[in-house]
Amino acid sequence: MRLRTTLVLICLLVLVGFLGFQLELTLPGRPPNINNTYTPLTQSPPQGIGSYDVLGYSISKLEAEKLLQTETGQEILSPANGAVEVTEELIDLGRDAFYRETFGNEYLFTDVVGILDGPINLRSIASSVLNLKGQPTTNLQVPIDQDITVGKRTFKAGTVVNTGLDVSGGSLFPLGLITHLDKGKVRVGVTCALCHATVNEQTGRVLEGAINTNINLGSLIAMASNSAALFRQTDVNPNKIPPGEHSFINNKGETAKLPDQKIMEDEVDAAMLSWAPGNFVSNGDLENNSAQIPTSYTHETFPYAWSGVASIGWFHGLTTLNNAVFGLNADPTTTADASESVLGIDKEVYLGTMLQNASSRKFQLPEGAKPSEFFDKVDPTPGEPGINSVIKMPEYPKGSLFMQNGLMANTPGLPVAAQLNGMSAFQNTLAPPAHEAADIDTLKRGAAIFQKANCAQCHSGRYFTNHKVIPVKEIATQPKRAPASRKFAQEFVPPDTYPPNVPIPLFANPPVLSVPTDITPQKDIELSYALSDPNGGYKVQNLIGLYLSAPYLHDGGVAASADSIKQDDTGRFTIAIKDELGMAGTLMRGIAPNPENSLRVLLDRKLRKAVVAANRNNPDLQRSNVDGSGHEYWVDKKAGYSTQDQTDLIKFLLSIDDVPRVLPETSIAHR
């Protein structure tokens with residue numbers, strides 16, 4: 001039976017390869033069947049069909065129906081005024097984009113970064129998927145078939161890499177990886193689903209919107225042949241690397257030497273190997289400030305991102321957040337024009353460092369060339385900055401609160417922001433499945449403790465957030481990431497956009513609309529970008545689906561395994577296995593954090609002290625700025641709470657899905 005399956009697969013690969021020489025194919029060809037997800041079994045937020053979003057201002061269906069009865073109202077809700085109607089078609093477009101749209105990042109990851117050149121490649125991934133024999137996994141394990149050295153670390157042949165890639169039951173493709181075959185050339189790109197969807201390992205069903213808490217992005221990228229191209233996401237500055245042998249023409253027209261390619265690669269690899277599973281460095285500020293991937297349970301939880309920097313524009317900043325993934329974070333070439341002003345790196349050094357060791361010969365910088373001129377010749381999206389498919393906003397090359405680098409991801413043939421807005425509308429329909437954490441009496445006691453401990457002061461309202469940004473000095477969590485966007489913001493100009501009915505490619509002199517900046521308080525905007533306070537702040541997160549999102553805090557440092565904390569004979573919870581505390585003792589060792597124990601660590605100062613110590617004793621976590629400190633709002637003995645109080649609160653927190661069985665009084669009032 002196994003031989004027959006292998007032969008069939010080989011025949012299919014041969015056929016696909018043949019067809020790939022004739023035309024372009026994309027695999028997988030569609031999102032997962034909705035019946036293979038938990039979404040039909042989930043009580044989701046209102047879809048808002050018939051409502052409108054006017055550049056961040058939400059108009060309900062009832063309000064829209066009244067407005068559409070007048071000429072003035074029709075003008076308000078017209079695309080020319082920036083209005084986007086929420087329809088089933090828009091949500092379907094967003095779901096399709098969530099699972100399949102790369103905006104062209106397969107060129108960056110395959111042709112430049114060389115994601116297929118290392119030991120984790122299409123062959124090794126396909127072989128590992130076949131070995132599952134149709135069973136699901138939340139962690140595709142890929143063995144290395146030869147000794148390799150990455151980031152000055154040696155991996156012996158036979159070493160099994162925990163990729164954290166999810167494969168649903170019966171699937172031949174990991175979630176979020178898209179394979180493109182174009183005239184015989186194979187490229188791999190990534191979509192939102194790589195990080196923002198996961199699989200239930202028992203049922204094989206997809207949890208749409210849940211964090212892929214163990215996706216090992218650092219290792220996956222570090223194993224590539226030219227991960228140095230993503231130096232912007234690390235603390236490796238090419239200006240501080242000794243020159244190598246590769247000559248180029250700098251911005252003064254002079255011949256110079258690029259940073260030594262091997263040193264650069266080794267240093268970037270080492271930085272990326274320090275990233276904890278489930279974490280990614282999204283801000284290209286030359287700091288290794290990793291943060292946990294957030295959930296996509298976004299309904300009524302604005303502003304978005306850990307610091308709240310996505311705060312204006314369509315869907316109250318969610319479209320801005322979606323754009324940041326593809327129009328900024330996933331393609332460093334999109335900030336090449338701003339590299340001098342924002343990072344202090346000559347544009348030619350910036351691009352030359354990325355391209356000197358590109359995987360594809362087509363993208364490899366020739367000796368003695370001027371990088372920007374060479375890039376213009378090989379750019380797969382000629383006429384637009386960057387490799388990914390983007391359009392210039394009216395203020396480009398300046399950025400704005402709306403589009404941080406002045407670029408918007410967009411696909412030719414679709415109108416402005418269609419897929420980004422569609423993903424916003426889709427994400428706002430997502431919620432975790434119901435979770436029976438405890439009996440109703442326990443949950444009521446837990447909700448009462450939630451109130452008594454003043455948790456609701458910040459985690460208020462139906463979706464457990466007051467939408468505020470809290471200064472670092474007050475929240476006291478790991479501070480490195482909070483000011484990460486300051487340098488971008490110092491270059492901002494007033495935000496503009498094109499109406500959502502303008503087609504792509506843009507025609508000459510398209511109409512321009514001003515994007516309102518008053519839907520989020522100015523003080524929160526300034527704090528999110530560390531403008532009013534150089535230390536910045538973190539946005540109050542919602543508490544939806546905590547049972548799916550351990551570890552906790554923005555750096556993911558609050559973690560404990562299922563066996564690490566036990567109740568002793570006196571009823572107190574104490575540390576049973578010290579080596580399974582923190583990120584250092586869980587995901588860094590391939591051990592899943594236990595939600596209940598991890599929340600206990602969050603609430604108990606004695607347990608947290610041990611967790612922070614474990615993280616700080618790990619050199620990798622120190623380099624990537626993960627320690628699990630701060631958020632010192634204790635519910636423990638010293639604060640006057642019993643062990644039972646603490647347990648009841650934890651059970652309540654774990655019960656918060658989209659329709660919790662019990663809500664605190666303040667949340668009921670905000671319904």
# chains A, B, ... in the order shown; residues from 1 in each chain; ligands from 1
>>> residues_around(residues="Thr301 of chain A", least_positions_apart="5", cutoff="8 Å", atoms="only C-alpha atoms", output="JSON, numbers by chain")
{"A": [463, 465, 467, 541, 542]}
>>> write_last_selection(atoms="N, CA and C atoms", output="mmCIF file, in the first residue's frame")
data_model
loop_
_atom_site.group_PDB
_atom_site.id
_atom_site.type_symbol
_atom_site.label_atom_id
_atom_site.label_comp_id
_atom_site.auth_asym_id
_atom_site.auth_seq_id
_atom_site.Cartn_x
_atom_site.Cartn_y
_atom_site.Cartn_z
ATOM 1 N N TYR A 463 -15.153 42.530 24.955
ATOM 2 C CA TYR A 463 -13.991 41.823 24.412
ATOM 3 C C TYR A 463 -12.744 42.020 25.265
ATOM 4 N N THR A 465 -10.964 44.440 26.589
ATOM 5 C CA THR A 465 -9.914 45.436 26.384
ATOM 6 C C THR A 465 -10.544 46.812 26.426
ATOM 7 N N HIS A 467 -8.984 49.229 24.960
ATOM 8 C CA HIS A 467 -8.426 49.788 23.731
ATOM 9 C C HIS A 467 -7.299 50.800 23.997
ATOM 10 N N GLN A 541 -4.372 43.983 25.562
ATOM 11 C CA GLN A 541 -4.838 42.914 24.678
ATOM 12 C C GLN A 541 -6.186 42.371 25.143
ATOM 13 N N ASN A 542 -6.931 41.788 24.200
ATOM 14 C CA ASN A 542 -8.162 41.100 24.598
ATOM 15 C C ASN A 542 -7.801 39.755 25.252
#
>>> closest_atom_pairs(of="segment 279-337 of chain A", to="segment 222-238 of chain A", cutoff="6 Å", atoms="only C-alpha atoms", output="JSON lines")
{"residue": "A:Val281", "atom": "CA", "partner": "A:Gln233", "partner_atom": "CA", "distance": 5.6}
{"residue": "A:Gly284", "atom": "CA", "partner": "A:Gln233", "partner_atom": "CA", "distance": 4.8}
{"residue": "A:Leu286", "atom": "CA", "partner": "A:Asp235", "partner_atom": "CA", "distance": 4.7}
{"residue": "A:Glu287", "atom": "CA", "partner": "A:Asp235", "partner_atom": "CA", "distance": 4.4}
{"residue": "A:Asn288", "atom": "CA", "partner": "A:Thr234", "partner_atom": "CA", "distance": 4.5}
>>> residues_around(residues="Glu395 of chain A", least_positions_apart="6", cutoff="10 Å", atoms="only C-alpha atoms", output="list in words")
Met403, Asn405, Gly406, Leu407, Phe492, Val493, Pro494, Pro495, Asp496 and Thr497 of chain A
>>> write_last_selection(atoms="all heavy atoms", output="PDB file, in the first residue's frame")
ATOM      1  N   MET A 403      -0.037  53.852   6.353  1.00  0.00           N
ATOM      2  CA  MET A 403       0.897  52.928   5.713  1.00  0.00           C
ATOM      3  C   MET A 403       2.304  53.336   6.145  1.00  0.00           C
ATOM      4  O   MET A 403       2.830  54.343   5.669  1.00  0.00           O
ATOM      5  CB  MET A 403       0.773  52.969   4.188  1.00  0.00           C
ATOM      6  CG  MET A 403      -0.568  52.488   3.665  1.00  0.00           C
ATOM      7  SD  MET A 403      -0.793  50.701   3.806  1.00  0.00           S
ATOM      8  CE  MET A 403      -2.378  50.602   4.649  1.00  0.00           C
ATOM      9  N   ASN A 405       5.367  52.619   5.700  1.00  0.00           N
ATOM     10  CA  ASN A 405       6.455  52.908   4.763  1.00  0.00           C
ATOM     11  C   ASN A 405       5.949  53.503   3.455  1.00  0.00           C
ATOM     12  O   ASN A 405       6.686  53.582   2.469  1.00  0.00           O
ATOM     13  CB  ASN A 405       7.272  51.649   4.467  1.00  0.00           C
ATOM     14  CG  ASN A 405       6.431  50.546   3.840  1.00  0.00           C
ATOM     15  OD1 ASN A 405       5.199  50.602   3.861  1.00  0.00           O
ATOM     16  ND2 ASN A 405       7.076  49.546   3.279  1.00  0.00           N
ATOM     17  N   GLY A 406       4.671  53.928   3.430  1.00  0.00           N
ATOM     18  CA  GLY A 406       4.130  54.568   2.236  1.00  0.00           C
ATOM     19  C   GLY A 406       3.794  53.617   1.116  1.00  0.00           C
ATOM     20  O   GLY A 406       3.604  54.053  -0.024  1.00  0.00           O
ATOM     21  N   LEU A 407       3.692  52.320   1.411  1.00  0.00           N
ATOM     22  CA  LEU A 407       3.383  51.317   0.394  1.00  0.00           C
ATOM     23  C   LEU A 407       2.222  50.444   0.867  1.00  0.00           C
ATOM     24  O   LEU A 407       2.106  50.133   2.052  1.00  0.00           O
ATOM     25  CB  LEU A 407       4.601  50.441   0.114  1.00  0.00           C
ATOM     26  CG  LEU A 407       5.831  51.148  -0.456  1.00  0.00           C
ATOM     27  CD1 LEU A 407       7.032  50.203  -0.477  1.00  0.00           C
ATOM     28  CD2 LEU A 407       5.564  51.687  -1.854  1.00  0.00           C
ATOM     29  N   PHE A 492       6.943  60.451   9.484  1.00  0.00           N
ATOM     30  CA  PHE A 492       5.565  60.417   8.995  1.00  0.00           C
ATOM     31  C   PHE A 492       5.089  61.775   8.482  1.00  0.00           C
ATOM     32  O   PHE A 492       5.474  62.826   8.988  1.00  0.00           O
ATOM     33  CB  PHE A 492       4.613  59.967  10.105  1.00  0.00           C
ATOM     34  CG  PHE A 492       4.602  58.490  10.368  1.00  0.00           C
ATOM     35  CD1 PHE A 492       3.916  57.978  11.468  1.00  0.00           C
ATOM     36  CD2 PHE A 492       5.273  57.604   9.539  1.00  0.00           C
ATOM     37  CE1 PHE A 492       3.895  56.620  11.734  1.00  0.00           C
ATOM     38  CE2 PHE A 492       5.262  56.244   9.790  1.00  0.00           C
ATOM     39  CZ  PHE A 492       4.575  55.754  10.886  1.00  0.00           C
ATOM     40  N   VAL A 493       4.192  61.702   7.504  1.00  0.00           N
ATOM     41  CA  VAL A 493       3.464  62.862   6.997  1.00  0.00           C
ATOM     42  C   VAL A 493       1.974  62.537   7.102  1.00  0.00           C
ATOM     43  O   VAL A 493       1.598  61.392   7.361  1.00  0.00           O
ATOM     44  CB  VAL A 493       3.856  63.176   5.539  1.00  0.00           C
ATOM     45  CG1 VAL A 493       5.324  63.559   5.450  1.00  0.00           C
ATOM     46  CG2 VAL A 493       3.558  61.989   4.624  1.00  0.00           C
ATOM     47  N   PRO A 494       1.081  63.520   6.932  1.00  0.00           N
ATOM     48  CA  PRO A 494      -0.359  63.237   7.018  1.00  0.00           C
ATOM     49  C   PRO A 494      -0.775  62.113   6.069  1.00  0.00           C
ATOM     50  O   PRO A 494      -0.343  62.066   4.919  1.00  0.00           O
ATOM     51  CB  PRO A 494      -0.995  64.571   6.633  1.00  0.00           C
ATOM     52  CG  PRO A 494       0.012  65.591   7.054  1.00  0.00           C
ATOM     53  CD  PRO A 494       1.349  64.970   6.772  1.00  0.00           C
ATOM     54  N   PRO A 495      -1.619  61.197   6.539  1.00  0.00           N
ATOM     55  CA  PRO A 495      -1.964  60.008   5.746  1.00  0.00           C
ATOM     56  C   PRO A 495      -3.029  60.261   4.684  1.00  0.00           C
ATOM     57  O   PRO A 495      -4.035  60.926   4.938  1.00  0.00           O
ATOM     58  CB  PRO A 495      -2.494  59.031   6.806  1.00  0.00           C
ATOM     59  CG  PRO A 495      -3.064  59.917   7.872  1.00  0.00           C
ATOM     60  CD  PRO A 495      -2.204  61.144   7.895  1.00  0.00           C
ATOM     61  N   ASP A 496      -2.798  59.730   3.505  1.00  0.00           N
ATOM     62  CA  ASP A 496      -3.763  59.759   2.403  1.00  0.00           C
ATOM     63  C   ASP A 496      -3.940  58.349   1.861  1.00  0.00           C
ATOM     64  O   ASP A 496      -3.119  57.462   2.119  1.00  0.00           O
ATOM     65  CB  ASP A 496      -3.282  60.668   1.266  1.00  0.00           C
ATOM     66  CG  ASP A 496      -3.268  62.142   1.646  1.00  0.00           C
ATOM     67  OD1 ASP A 496      -4.198  62.572   2.356  1.00  0.00           O
ATOM     68  OD2 ASP A 496      -2.329  62.840   1.250  1.00  0.00           O
ATOM     69  N   THR A 497      -4.989  58.165   1.089  1.00  0.00           N
ATOM     70  CA  THR A 497      -5.181  56.896   0.398  1.00  0.00           C
ATOM     71  C   THR A 497      -5.970  57.135  -0.874  1.00  0.00           C
ATOM     72  O   THR A 497      -6.446  58.252  -1.131  1.00  0.00           O
ATOM     73  CB  THR A 497      -5.919  55.871   1.286  1.00  0.00           C
ATOM     74  OG1 THR A 497      -5.898  54.596   0.633  1.00  0.00           O
ATOM     75  CG2 THR A 497      -7.368  56.261   1.533  1.00  0.00           C
TER      76      THR A 497
END
>>> residues_around(residues="Asp346 of chain A", least_positions_apart="6", cutoff="8 Å", atoms="only C-alpha atoms", output="number ranges by chain")
A: 250-251, 339-340
>>> closest_atom_pairs(of="segment 257-343 of chain A", to="segment 110-123 of chain A", cutoff="12 Å", atoms="only C-alpha atoms", output="tab-separated table")
residue	atom	partner	partner_atom	distance
A:Glu265	CA	A:Val113	CA	10.8
A:Val268	CA	A:Val113	CA	12.0
A:Asp269	CA	A:Val113	CA	11.8
A:Ala330	CA	A:Val113	CA	11.4
A:Asp331	CA	A:Val112	CA	10.6
A:Pro332	CA	A:Val113	CA	11.1
A:Thr333	CA	A:Val112	CA	10.9
>>> write_last_selection(atoms="C-alpha atoms", output="PDB file, in the first residue's frame")
ATOM      1  CA  GLU A 265      25.351  35.238   7.142  1.00  0.00           C
ATOM      2  CA  VAL A 268      22.210  36.848  11.055  1.00  0.00           C
ATOM      3  CA  ASP A 269      21.761  33.078  11.399  1.00  0.00           C
ATOM      4  CA  ALA A 330       7.894  40.360   4.824  1.00  0.00           C
ATOM      5  CA  ASP A 331       9.909  42.276   2.229  1.00  0.00           C
ATOM      6  CA  PRO A 332      12.897  44.373   3.390  1.00  0.00           C
ATOM      7  CA  THR A 333      13.328  45.865  -0.089  1.00  0.00           C
TER       8      THR A 333
END
>>> closest_residue(among="A:Phe155, A:Tyr633, A:Phe109, A:Tyr297", to="Gln427 of chain A", atoms="only C-alpha atoms")
A:Tyr297
>>> residues_around(residues="Leu513 of chain A", least_positions_apart="6", cutoff="10 Å", atoms="only C-alpha atoms", output="ChimeraX atom specification")
/A:55,80-82,394,495-499
>>> write_last_selection(atoms="N, CA and C atoms", output="compact mmCIF listing (two decimals), in the first residue's frame")
# COMPACT_ATOMS: atom_id res chain seq x y z
N LEU A 55 -13.30 54.48 6.13
CA LEU A 55 -11.96 54.85 6.57
C LEU A 55 -11.82 54.80 8.09
N ALA A 80 -16.25 56.37 -3.49
CA ALA A 80 -15.52 57.62 -3.73
C ALA A 80 -15.23 58.37 -2.44
N ASN A 81 -16.02 58.09 -1.40
CA ASN A 81 -15.82 58.71 -0.09
C ASN A 81 -15.01 57.80 0.83
N GLY A 82 -14.53 56.67 0.30
CA GLY A 82 -13.73 55.75 1.10
C GLY A 82 -14.52 54.66 1.77
N PRO A 394 0.04 58.09 -1.92
CA PRO A 394 0.29 59.46 -2.40
C PRO A 394 1.51 60.12 -1.76
N PRO A 495 -1.62 61.20 6.54
CA PRO A 495 -1.96 60.01 5.75
C PRO A 495 -3.03 60.26 4.68
N ASP A 496 -2.80 59.73 3.50
CA ASP A 496 -3.76 59.76 2.40
C ASP A 496 -3.94 58.35 1.86
N THR A 497 -4.99 58.16 1.09
CA THR A 497 -5.18 56.90 0.40
C THR A 497 -5.97 57.14 -0.87
N TYR A 498 -6.09 56.11 -1.66
CA TYR A 498 -6.95 56.14 -2.85
C TYR A 498 -8.28 55.49 -2.49
N PRO A 499 -9.36 55.90 -3.12
CA PRO A 499 -10.65 55.27 -2.86
C PRO A 499 -10.61 53.78 -3.16
>>> atom_distance(atom1="atom CA of Ile49 of chain A", atom2="atom CA of Thr70 of chain A")
20.5 Å
>>> atom_distance(atom1="atom CA of Leu414 of chain A", atom2="atom CA of Tyr57 of chain A")
23.0 Å
>>> closest_residue(among="A:Asp569, A:Asn466, A:Pro277, A:Leu172", to="Gly585 of chain A", atoms="only C-alpha atoms")
A:Pro277
>>> select_by_dssp(residues="segment 371-548 of chain A", states="strand (DSSP E or B)", output="ChimeraX atom specification")
/A:390-392,407-409,415,469-471,496-497,503,513-514,537-539
>>> write_last_selection(atoms="C-alpha atoms", output="compact mmCIF listing (two decimals), in the first residue's frame")
# COMPACT_ATOMS: atom_id res chain seq x y z
CA VAL A 390 2.69 46.94 -3.77
CA ILE A 391 1.48 50.36 -4.84
CA LYS A 392 2.90 53.72 -3.84
CA LEU A 407 3.38 51.32 0.39
CA MET A 408 0.26 49.16 0.22
CA ALA A 409 0.19 45.49 -0.75
CA PRO A 415 -9.20 47.52 -6.66
CA VAL A 469 -1.97 51.88 25.24
CA ILE A 470 -0.23 51.53 28.62
CA PRO A 471 3.21 53.09 29.18
CA ASP A 496 -3.76 59.76 2.40
CA THR A 497 -5.18 56.90 0.40
CA PRO A 503 -8.31 49.76 -10.03
CA LEU A 513 -8.66 60.88 0.15
CA SER A 514 -7.38 62.06 3.52
CA GLY A 537 3.88 51.42 25.54
CA TYR A 538 1.90 48.25 24.97
CA LYS A 539 -1.74 47.98 24.00
>>> residues_around(residues="Ser44 of chain A", least_positions_apart="2", cutoff="7 Å", atoms="only C-alpha atoms", output="list in words")
Thr42, Pro46, Thr429, Leu430, Ala431 and Asp658 of chain A
>>> closest_residue(among="A:Ile125, A:Leu531, A:Ala270, A:Cys458", to="Ala482 of chain A", atoms="only C-alpha atoms")
A:Leu531
>>> closest_residue(among="A:Pro242, A:Pro432, A:Gly184, A:Pro382", to="Val659 of chain A", atoms="only C-alpha atoms")
A:Pro432
>>> closest_residue(among="A:Ala560, A:Val416, A:Leu581, A:Leu175", to="Met393 of chain A", atoms="only C-alpha atoms")
A:Val416
>>> atom_distance(atom1="atom CA of Asn617 of chain A", atom2="atom CA of Gly557 of chain A")
12.5 Å
>>> closest_residue(among="A:Val150, A:Ile504, A:Ala83, A:Met354", to="Leu108 of chain A", atoms="only C-alpha atoms")
A:Met354
>>> residues_around(residues="Thr442 of chain A", least_positions_apart="4", cutoff="7 Å", atoms="only C-alpha atoms", output="ChimeraX atom specification")
/A:438,446,648
>>> select_by_dssp(residues="segment 412-578 of chain A", states="helix (DSSP H, G or I)", output="ChimeraX atom specification")
/A:418-427,440-452,455-457,472-475,486-489,522-528,546-548,578
>>> decode(residues="segment 381-399 of chain A", atoms="N, CA, C and O atoms", output="mmCIF file, in the first residue's frame")
data_model
loop_
_atom_site.group_PDB
_atom_site.id
_atom_site.type_symbol
_atom_site.label_atom_id
_atom_site.label_comp_id
_atom_site.auth_asym_id
_atom_site.auth_seq_id
_atom_site.Cartn_x
_atom_site.Cartn_y
_atom_site.Cartn_z
ATOM 1 N N THR A 381 8.386 43.201 -9.889
ATOM 2 C CA THR A 381 7.283 44.172 -9.964
ATOM 3 C C THR A 381 7.855 45.504 -10.446
ATOM 4 O O THR A 381 7.914 46.479 -9.691
ATOM 5 N N PRO A 382 8.300 45.582 -11.693
ATOM 6 C CA PRO A 382 8.940 46.804 -12.197
ATOM 7 C C PRO A 382 8.012 48.012 -12.094
ATOM 8 O O PRO A 382 6.809 47.914 -12.288
ATOM 9 N N GLY A 383 8.617 49.132 -11.723
ATOM 10 C CA GLY A 383 7.844 50.358 -11.589
ATOM 11 C C GLY A 383 7.362 50.622 -10.182
ATOM 12 O O GLY A 383 6.913 51.729 -9.869
ATOM 13 N N GLU A 384 7.418 49.606 -9.324
ATOM 14 C CA GLU A 384 7.009 49.771 -7.928
ATOM 15 C C GLU A 384 8.178 49.385 -7.022
ATOM 16 O O GLU A 384 8.957 48.496 -7.347
ATOM 17 N N PRO A 385 8.305 50.050 -5.866
ATOM 18 C CA PRO A 385 9.393 49.702 -4.934
ATOM 19 C C PRO A 385 9.191 48.289 -4.385
ATOM 20 O O PRO A 385 8.068 47.818 -4.229
ATOM 21 N N GLY A 386 10.295 47.639 -4.099
ATOM 22 C CA GLY A 386 10.208 46.344 -3.435
ATOM 23 C C GLY A 386 9.923 45.193 -4.372
ATOM 24 O O GLY A 386 9.540 45.363 -5.530
ATOM 25 N N ILE A 387 10.103 43.995 -3.835
ATOM 26 C CA ILE A 387 9.862 42.761 -4.568
ATOM 27 C C ILE A 387 8.381 42.414 -4.566
ATOM 28 O O ILE A 387 7.816 42.011 -5.574
ATOM 29 N N ASN A 388 7.741 42.568 -3.409
ATOM 30 C CA ASN A 388 6.324 42.227 -3.306
ATOM 31 C C ASN A 388 5.468 43.144 -4.174
ATOM 32 O O ASN A 388 5.894 44.230 -4.579
ATOM 33 N N SER A 389 4.243 42.696 -4.424
ATOM 34 C CA SER A 389 3.307 43.472 -5.235
ATOM 35 C C SER A 389 2.701 44.568 -4.371
ATOM 36 O O SER A 389 1.845 44.307 -3.516
ATOM 37 N N VAL A 390 3.159 45.801 -4.560
ATOM 38 C CA VAL A 390 2.693 46.936 -3.769
ATOM 39 C C VAL A 390 2.400 48.116 -4.682
ATOM 40 O O VAL A 390 2.814 48.146 -5.851
ATOM 41 N N ILE A 391 1.687 49.089 -4.129
ATOM 42 C CA ILE A 391 1.478 50.355 -4.835
ATOM 43 C C ILE A 391 2.000 51.481 -3.943
ATOM 44 O O ILE A 391 1.996 51.383 -2.724
ATOM 45 N N LYS A 392 2.452 52.547 -4.580
ATOM 46 C CA LYS A 392 2.904 53.722 -3.842
ATOM 47 C C LYS A 392 1.693 54.520 -3.376
ATOM 48 O O LYS A 392 0.804 54.817 -4.160
ATOM 49 N N MET A 393 1.680 54.848 -2.102
ATOM 50 C CA MET A 393 0.659 55.737 -1.589
ATOM 51 C C MET A 393 1.000 57.168 -1.990
ATOM 52 O O MET A 393 2.147 57.452 -2.385
ATOM 53 N N PRO A 394 0.041 58.090 -1.916
ATOM 54 C CA PRO A 394 0.293 59.456 -2.395
ATOM 55 C C PRO A 394 1.511 60.119 -1.756
ATOM 56 O O PRO A 394 2.157 60.965 -2.389
ATOM 57 N N GLU A 395 1.843 59.751 -0.496
ATOM 58 C CA GLU A 395 2.931 60.425 0.208
ATOM 59 C C GLU A 395 4.300 59.777 -0.012
ATOM 60 O O GLU A 395 5.313 60.273 0.471
ATOM 61 N N TYR A 396 4.357 58.643 -0.722
ATOM 62 C CA TYR A 396 5.624 57.933 -0.891
ATOM 63 C C TYR A 396 6.674 58.872 -1.502
ATOM 64 O O TYR A 396 6.359 59.658 -2.390
ATOM 65 N N PRO A 397 7.949 58.854 -1.064
ATOM 66 C CA PRO A 397 8.598 57.833 -0.221
ATOM 67 C C PRO A 397 8.426 58.028 1.285
ATOM 68 O O PRO A 397 8.995 57.259 2.059
ATOM 69 N N LYS A 398 7.682 59.032 1.697
ATOM 70 C CA LYS A 398 7.385 59.165 3.117
ATOM 71 C C LYS A 398 6.328 58.141 3.520
ATOM 72 O O LYS A 398 5.550 57.661 2.697
ATOM 73 N N GLY A 399 6.281 57.839 4.802
ATOM 74 C CA GLY A 399 5.264 56.961 5.337
ATOM 75 C C GLY A 399 4.260 57.745 6.155
ATOM 76 O O GLY A 399 4.372 58.968 6.311
#
